[in-house]
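A.B. asks: Dropping in data_8.cif, with mmCIF, C-alpha atoms.
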```cif
data_coords
#
loop_
_atom_site.label_atom_id
_atom_site.label_comp_id
_atom_site.auth_asym_id
_atom_site.auth_seq_id
_atom_site.Cartn_x
_atom_site.Cartn_y
_atom_site.Cartn_z
CA MET A 1 -267.40 7.13 247.03
CA SER A 2 -267.41 10.20 249.22
CA ALA A 3 -266.34 13.67 248.11
CA GLN A 4 -263.05 13.38 250.05
CA GLU A 5 -261.89 10.04 248.60
CA PRO A 6 -259.47 10.45 245.72
CA ALA A 7 -260.65 9.12 242.40
CA GLU A 8 -258.82 6.08 241.07
CA PRO A 9 -256.31 7.00 238.36
CA VAL A 10 -257.55 6.34 234.87
CA GLU A 11 -255.19 4.14 232.90
CA ASP A 12 -254.17 5.56 229.52
CA THR A 13 -254.61 2.60 227.18
CA SER A 14 -253.69 4.66 224.08
CA PHE A 15 -250.04 5.04 225.14
CA VAL A 16 -247.60 3.01 223.07
CA ARG A 17 -244.07 2.70 224.37
CA PRO A 18 -241.56 4.47 222.10
CA PHE A 19 -239.33 1.39 221.76
CA ILE A 20 -242.25 -0.50 220.24
CA ILE A 21 -242.78 2.19 217.59
CA THR A 22 -239.07 2.17 216.65
CA GLY A 23 -238.61 -1.58 216.80
CA GLY A 24 -236.36 -1.25 219.85
CA ARG A 25 -233.93 1.17 218.20
CA ALA A 26 -232.89 4.38 219.91
CA GLU A 27 -230.47 5.71 217.29
CA PRO A 28 -231.53 6.88 213.81
CA LEU A 29 -229.88 5.37 210.74
CA GLN A 30 -228.98 8.93 209.69
CA THR A 31 -227.02 10.74 212.36
CA ASP A 32 -227.14 14.16 210.69
CA LEU A 33 -230.82 14.88 211.43
CA ARG A 34 -231.08 18.09 213.44
CA LEU A 35 -234.15 19.82 214.85
CA GLU A 36 -234.18 22.27 211.96
CA THR A 37 -233.61 19.67 209.20
CA LEU A 38 -236.36 19.99 206.60
CA VAL A 39 -238.07 16.79 205.48
CA VAL A 40 -240.52 16.44 202.62
CA ALA A 41 -242.51 13.49 201.27
CA VAL A 42 -241.33 12.06 197.98
CA GLY A 43 -244.80 10.75 197.13
CA ALA A 44 -248.07 9.65 198.68
CA PRO A 45 -247.86 7.60 201.88
CA ASP A 46 -247.40 3.89 201.14
CA GLU A 47 -250.35 1.95 202.58
CA SER A 48 -247.99 -0.77 203.86
CA LEU A 49 -246.41 1.70 206.32
CA THR A 50 -247.31 1.58 210.01
CA PHE A 51 -249.65 4.23 211.38
CA GLU A 52 -246.92 6.58 212.68
CA ARG A 53 -244.83 6.31 209.52
CA ARG A 54 -247.86 6.96 207.30
CA HIS A 55 -248.74 9.96 209.48
CA ILE A 56 -245.20 11.35 209.15
CA VAL A 57 -245.28 11.07 205.34
CA ALA A 58 -248.67 12.84 205.30
CA VAL A 59 -247.38 15.62 207.60
CA CYS A 60 -244.38 16.06 205.30
CA ALA A 61 -246.47 16.78 202.19
CA GLN A 62 -244.97 20.26 202.61
CA PRO A 63 -241.37 20.75 203.84
CA THR A 64 -241.46 20.41 207.63
CA THR A 65 -238.75 20.49 210.29
CA VAL A 66 -237.90 17.39 212.31
CA ALA A 67 -239.05 19.18 215.48
CA GLU A 68 -242.42 20.05 213.93
CA VAL A 69 -242.91 16.47 212.73
CA ALA A 70 -242.36 15.18 216.28
CA HIS A 71 -244.86 17.69 217.63
CA ARG A 72 -247.54 17.08 215.00
CA VAL A 73 -247.27 13.29 215.17
CA GLY A 74 -247.16 13.36 218.97
CA VAL A 75 -244.00 11.33 219.52
CA PRO A 76 -240.78 12.16 221.37
CA LEU A 77 -238.06 13.80 219.28
CA GLY A 78 -235.80 10.72 219.43
CA VAL A 79 -238.60 8.52 218.10
CA ALA A 80 -239.33 11.00 215.32
CA LYS A 81 -235.66 10.99 214.28
CA VAL A 82 -235.59 7.17 214.09
CA LEU A 83 -238.82 7.03 212.06
CA ILE A 84 -237.82 9.89 209.75
CA SER A 85 -234.43 8.33 209.05
CA ASP A 86 -236.12 4.99 208.27
CA LEU A 87 -238.42 6.77 205.82
CA VAL A 88 -235.50 8.60 204.17
CA VAL A 89 -233.65 5.29 203.71
CA ALA A 90 -236.85 3.73 202.31
CA GLY A 91 -237.19 6.57 199.78
CA GLN A 92 -240.45 7.91 201.26
CA LEU A 93 -238.90 11.19 202.49
CA ALA A 94 -236.13 13.50 201.35
CA CYS A 95 -234.27 15.78 203.72
CA ARG A 96 -232.09 18.82 203.41
CA GLN A 97 -230.14 20.74 205.96
CA PRO A 98 -230.77 24.48 206.03
CA ALA A 99 -227.74 26.69 205.68
CA GLU A 100 -225.99 27.64 208.88
CA LEU A 101 -227.09 30.96 210.33
CA PRO A 102 -224.55 33.74 209.96
CA LEU A 103 -222.77 34.81 213.14
CA GLN A 104 -224.38 38.27 212.97
CA MET A 105 -227.86 36.71 212.98
CA LEU A 106 -226.99 34.46 215.95
CA GLU A 107 -225.70 37.49 217.88
CA ARG A 108 -228.93 39.38 217.18
CA ILE A 109 -230.98 36.44 218.43
CA ARG A 110 -228.82 36.22 221.55
CA ASP A 111 -229.26 39.95 222.20
CA HIS A 112 -233.05 39.72 221.83
CA VAL A 113 -233.22 36.75 224.18
CA ARG A 114 -231.12 38.58 226.76
CA ALA A 115 -233.43 41.58 226.50
CA LEU A 116 -236.37 39.44 227.59
#
```
Give the structure from the file, written as structure tokens.
C.D. replies:
Amino acid sequence: MSAQEPAEPVEDTSFVRPFIITGGRAEPLQTDLRLETLVVAVGAPDESLTFERRHIVAVCAQPTTVAEVAHRVGVPLGVAKVLISDLVVAGQLACRQPAELPLQMLERIRDHVRAL
């Protein structure tokens, strides 16, 4: 191969399609999961769980947001929501919604973002 010939693309064999991880489901069983919802493991990860689900329970040993779980596990947000809701229904995770931010706080955030 000469220096000017493009290298052949390397196939990523570690990629698993999201619909395989979720069993073909795109919607979570719990529709109230938001990015800022805190999830926490109820106990140790059950060894019968699939790799991603076990990883999520381990990540949630401390209260963690849904968005952070998706990032740390390396799955799209929609996939994380489906898996988290499955784990909540199975009793492996508990979730709680943080209180809504007061209007004054939201206005301050908006003002700081505008100042950037």
A.B. asks: Could you tell me which residues the PyMOL selection byres ((chain A and resi 31-37) around 10) grabs in this file, written as a ChimeraX atom specification?
C.D. replies: /A:27-30,38-39,63-70,77,81-82,84-85,95-99
A.B. asks: Determine the residue set returned by the PyMOL selection byres ((chain A and resi 93) around 12) for the present structure, and present it as JSON, numbers by chain.
C.D. replies: {"A": [38, 39, 40, 41, 42, 43, 44, 45, 46, 53, 54, 56, 57, 58, 59, 60, 61, 62, 63, 64, 66, 83, 84, 85, 86, 87, 88, 89, 90, 91, 92, 94, 95, 96]}
A.B. asks: To one decimal in Å, tell me the separation between CA of Leu116 in chain A and CA of Pro102 in chain A.
C.D. replies: 22.0 Å
A.B. asks: Could you tell me how far CA of His71 in chain A sits from CA of Glu52 in chain A, in Å to one decimal place?
C.D. replies: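 Distance between the two atoms: 12.3 Å.
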A.B. asks: What is the CA of Pro76 in chain A to CA of Met105 in chain A distance in Å?
C.D. replies: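 Computing the Euclidean distance for CA of Pro76 in chain A and CA of Met105 in chain A yields 29.0 Å.
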A.B. asks: Rebuild N, CA, C and O atoms on range 61-85 of chain A, as a PDB file, in the frame of the given file?
C.D. replies:
```pdb
ATOM      1  N   ALA A  61    -246.046  16.423 203.551  1.00  0.00           N
ATOM      2  CA  ALA A  61    -246.470  16.780 202.190  1.00  0.00           C
ATOM      3  C   ALA A  61    -245.849  18.120 201.797  1.00  0.00           C
ATOM      4  O   ALA A  61    -245.517  18.354 200.638  1.00  0.00           O
ATOM      5  N   GLN A  62    -245.684  18.995 202.778  1.00  0.00           N
ATOM      6  CA  GLN A  62    -244.970  20.260 202.610  1.00  0.00           C
ATOM      7  C   GLN A  62    -243.691  20.158 203.448  1.00  0.00           C
ATOM      8  O   GLN A  62    -243.688  19.479 204.465  1.00  0.00           O
ATOM      9  N   PRO A  63    -242.601  20.822 203.045  1.00  0.00           N
ATOM     10  CA  PRO A  63    -241.370  20.750 203.840  1.00  0.00           C
ATOM     11  C   PRO A  63    -241.640  21.127 205.305  1.00  0.00           C
ATOM     12  O   PRO A  63    -242.272  22.140 205.591  1.00  0.00           O
ATOM     13  N   THR A  64    -241.198  20.271 206.207  1.00  0.00           N
ATOM     14  CA  THR A  64    -241.460  20.410 207.630  1.00  0.00           C
ATOM     15  C   THR A  64    -240.190  20.080 208.399  1.00  0.00           C
ATOM     16  O   THR A  64    -239.458  19.172 208.020  1.00  0.00           O
ATOM     17  N   THR A  65    -239.934  20.787 209.491  1.00  0.00           N
ATOM     18  CA  THR A  65    -238.750  20.490 210.290  1.00  0.00           C
ATOM     19  C   THR A  65    -238.962  19.214 211.103  1.00  0.00           C
ATOM     20  O   THR A  65    -240.096  18.820 211.380  1.00  0.00           O
ATOM     21  N   VAL A  66    -237.858  18.596 211.489  1.00  0.00           N
ATOM     22  CA  VAL A  66    -237.900  17.390 212.310  1.00  0.00           C
ATOM     23  C   VAL A  66    -238.652  17.675 213.614  1.00  0.00           C
ATOM     24  O   VAL A  66    -239.480  16.877 214.050  1.00  0.00           O
ATOM     25  N   ALA A  67    -238.384  18.821 214.226  1.00  0.00           N
ATOM     26  CA  ALA A  67    -239.050  19.180 215.480  1.00  0.00           C
ATOM     27  C   ALA A  67    -240.555  19.303 215.286  1.00  0.00           C
ATOM     28  O   ALA A  67    -241.338  18.832 216.126  1.00  0.00           O
ATOM     29  N   GLU A  68    -240.984  19.899 214.199  1.00  0.00           N
ATOM     30  CA  GLU A  68    -242.420  20.050 213.930  1.00  0.00           C
ATOM     31  C   GLU A  68    -243.071  18.710 213.659  1.00  0.00           C
ATOM     32  O   GLU A  68    -244.200  18.466 214.078  1.00  0.00           O
ATOM     33  N   VAL A  69    -242.369  17.812 212.982  1.00  0.00           N
ATOM     34  CA  VAL A  69    -242.910  16.470 212.730  1.00  0.00           C
ATOM     35  C   VAL A  69    -243.168  15.771 214.064  1.00  0.00           C
ATOM     36  O   VAL A  69    -244.236  15.202 214.284  1.00  0.00           O
ATOM     37  N   ALA A  70    -242.191  15.819 214.969  1.00  0.00           N
ATOM     38  CA  ALA A  70    -242.360  15.180 216.280  1.00  0.00           C
ATOM     39  C   ALA A  70    -243.579  15.741 216.997  1.00  0.00           C
ATOM     40  O   ALA A  70    -244.390  14.991 217.555  1.00  0.00           O
ATOM     41  N   HIS A  71    -243.725  17.045 216.961  1.00  0.00           N
ATOM     42  CA  HIS A  71    -244.860  17.690 217.630  1.00  0.00           C
ATOM     43  C   HIS A  71    -246.182  17.284 217.000  1.00  0.00           C
ATOM     44  O   HIS A  71    -247.129  16.902 217.701  1.00  0.00           O
ATOM     45  N   ARG A  72    -246.271  17.352 215.687  1.00  0.00           N
ATOM     46  CA  ARG A  72    -247.540  17.080 215.000  1.00  0.00           C
ATOM     47  C   ARG A  72    -247.947  15.615 215.059  1.00  0.00           C
ATOM     48  O   ARG A  72    -249.135  15.296 215.072  1.00  0.00           O
ATOM     49  N   VAL A  73    -246.964  14.720 215.098  1.00  0.00           N
ATOM     50  CA  VAL A  73    -247.270  13.290 215.170  1.00  0.00           C
ATOM     51  C   VAL A  73    -247.490  12.863 216.614  1.00  0.00           C
ATOM     52  O   VAL A  73    -248.142  11.858 216.881  1.00  0.00           O
ATOM     53  N   GLY A  74    -246.966  13.652 217.561  1.00  0.00           N
ATOM     54  CA  GLY A  74    -247.160  13.360 218.970  1.00  0.00           C
ATOM     55  C   GLY A  74    -246.232  12.294 219.520  1.00  0.00           C
ATOM     56  O   GLY A  74    -246.632  11.495 220.365  1.00  0.00           O
ATOM     57  N   VAL A  75    -244.996  12.282 219.023  1.00  0.00           N
ATOM     58  CA  VAL A  75    -244.000  11.330 219.520  1.00  0.00           C
ATOM     59  C   VAL A  75    -242.794  12.100 220.027  1.00  0.00           C
ATOM     60  O   VAL A  75    -242.555  13.235 219.615  1.00  0.00           O
ATOM     61  N   PRO A  76    -242.006  11.496 220.922  1.00  0.00           N
ATOM     62  CA  PRO A  76    -240.780  12.160 221.370  1.00  0.00           C
ATOM     63  C   PRO A  76    -239.834  12.413 220.203  1.00  0.00           C
ATOM     64  O   PRO A  76    -239.862  11.697 219.193  1.00  0.00           O
ATOM     65  N   LEU A  77    -238.981  13.413 220.346  1.00  0.00           N
ATOM     66  CA  LEU A  77    -238.060  13.800 219.280  1.00  0.00           C
ATOM     67  C   LEU A  77    -237.176  12.639 218.832  1.00  0.00           C
ATOM     68  O   LEU A  77    -236.961  12.434 217.639  1.00  0.00           O
ATOM     69  N   GLY A  78    -236.656  11.860 219.775  1.00  0.00           N
ATOM     70  CA  GLY A  78    -235.800  10.720 219.430  1.00  0.00           C
ATOM     71  C   GLY A  78    -236.528   9.700 218.573  1.00  0.00           C
ATOM     72  O   GLY A  78    -235.963   9.152 217.619  1.00  0.00           O
ATOM     73  N   VAL A  79    -237.787   9.451 218.887  1.00  0.00           N
ATOM     74  CA  VAL A  79    -238.600   8.520 218.100  1.00  0.00           C
ATOM     75  C   VAL A  79    -238.825   9.086 216.708  1.00  0.00           C
ATOM     76  O   VAL A  79    -238.707   8.371 215.710  1.00  0.00           O
ATOM     77  N   ALA A  80    -239.124  10.369 216.631  1.00  0.00           N
ATOM     78  CA  ALA A  80    -239.330  11.000 215.320  1.00  0.00           C
ATOM     79  C   ALA A  80    -238.079  10.879 214.460  1.00  0.00           C
ATOM     80  O   ALA A  80    -238.169  10.582 213.268  1.00  0.00           O
ATOM     81  N   LYS A  81    -236.909  11.096 215.048  1.00  0.00           N
ATOM     82  CA  LYS A  81    -235.660  10.990 214.280  1.00  0.00           C
ATOM     83  C   LYS A  81    -235.456   9.581 213.731  1.00  0.00           C
ATOM     84  O   LYS A  81    -235.061   9.409 212.580  1.00  0.00           O
ATOM     85  N   VAL A  82    -235.739   8.562 214.551  1.00  0.00           N
ATOM     86  CA  VAL A  82    -235.590   7.170 214.090  1.00  0.00           C
ATOM     87  C   VAL A  82    -236.553   6.897 212.939  1.00  0.00           C
ATOM     88  O   VAL A  82    -236.166   6.354 211.896  1.00  0.00           O
ATOM     89  N   LEU A  83    -237.819   7.286 213.098  1.00  0.00           N
ATOM     90  CA  LEU A  83    -238.820   7.030 212.060  1.00  0.00           C
ATOM     91  C   LEU A  83    -238.531   7.802 210.789  1.00  0.00           C
ATOM     92  O   LEU A  83    -238.649   7.267 209.678  1.00  0.00           O
ATOM     93  N   ILE A  84    -238.139   9.070 210.926  1.00  0.00           N
ATOM     94  CA  ILE A  84    -237.820   9.890 209.750  1.00  0.00           C
ATOM     95  C   ILE A  84    -236.633   9.292 209.008  1.00  0.00           C
ATOM     96  O   ILE A  84    -236.654   9.172 207.779  1.00  0.00           O
ATOM     97  N   SER A  85    -235.598   8.891 209.730  1.00  0.00           N
ATOM     98  CA  SER A  85    -234.430   8.330 209.050  1.00  0.00           C
ATOM     99  C   SER A  85    -234.792   7.025 208.339  1.00  0.00           C
ATOM    100  O   SER A  85    -234.305   6.763 207.237  1.00  0.00           O
TER     101      SER A  85
END
```
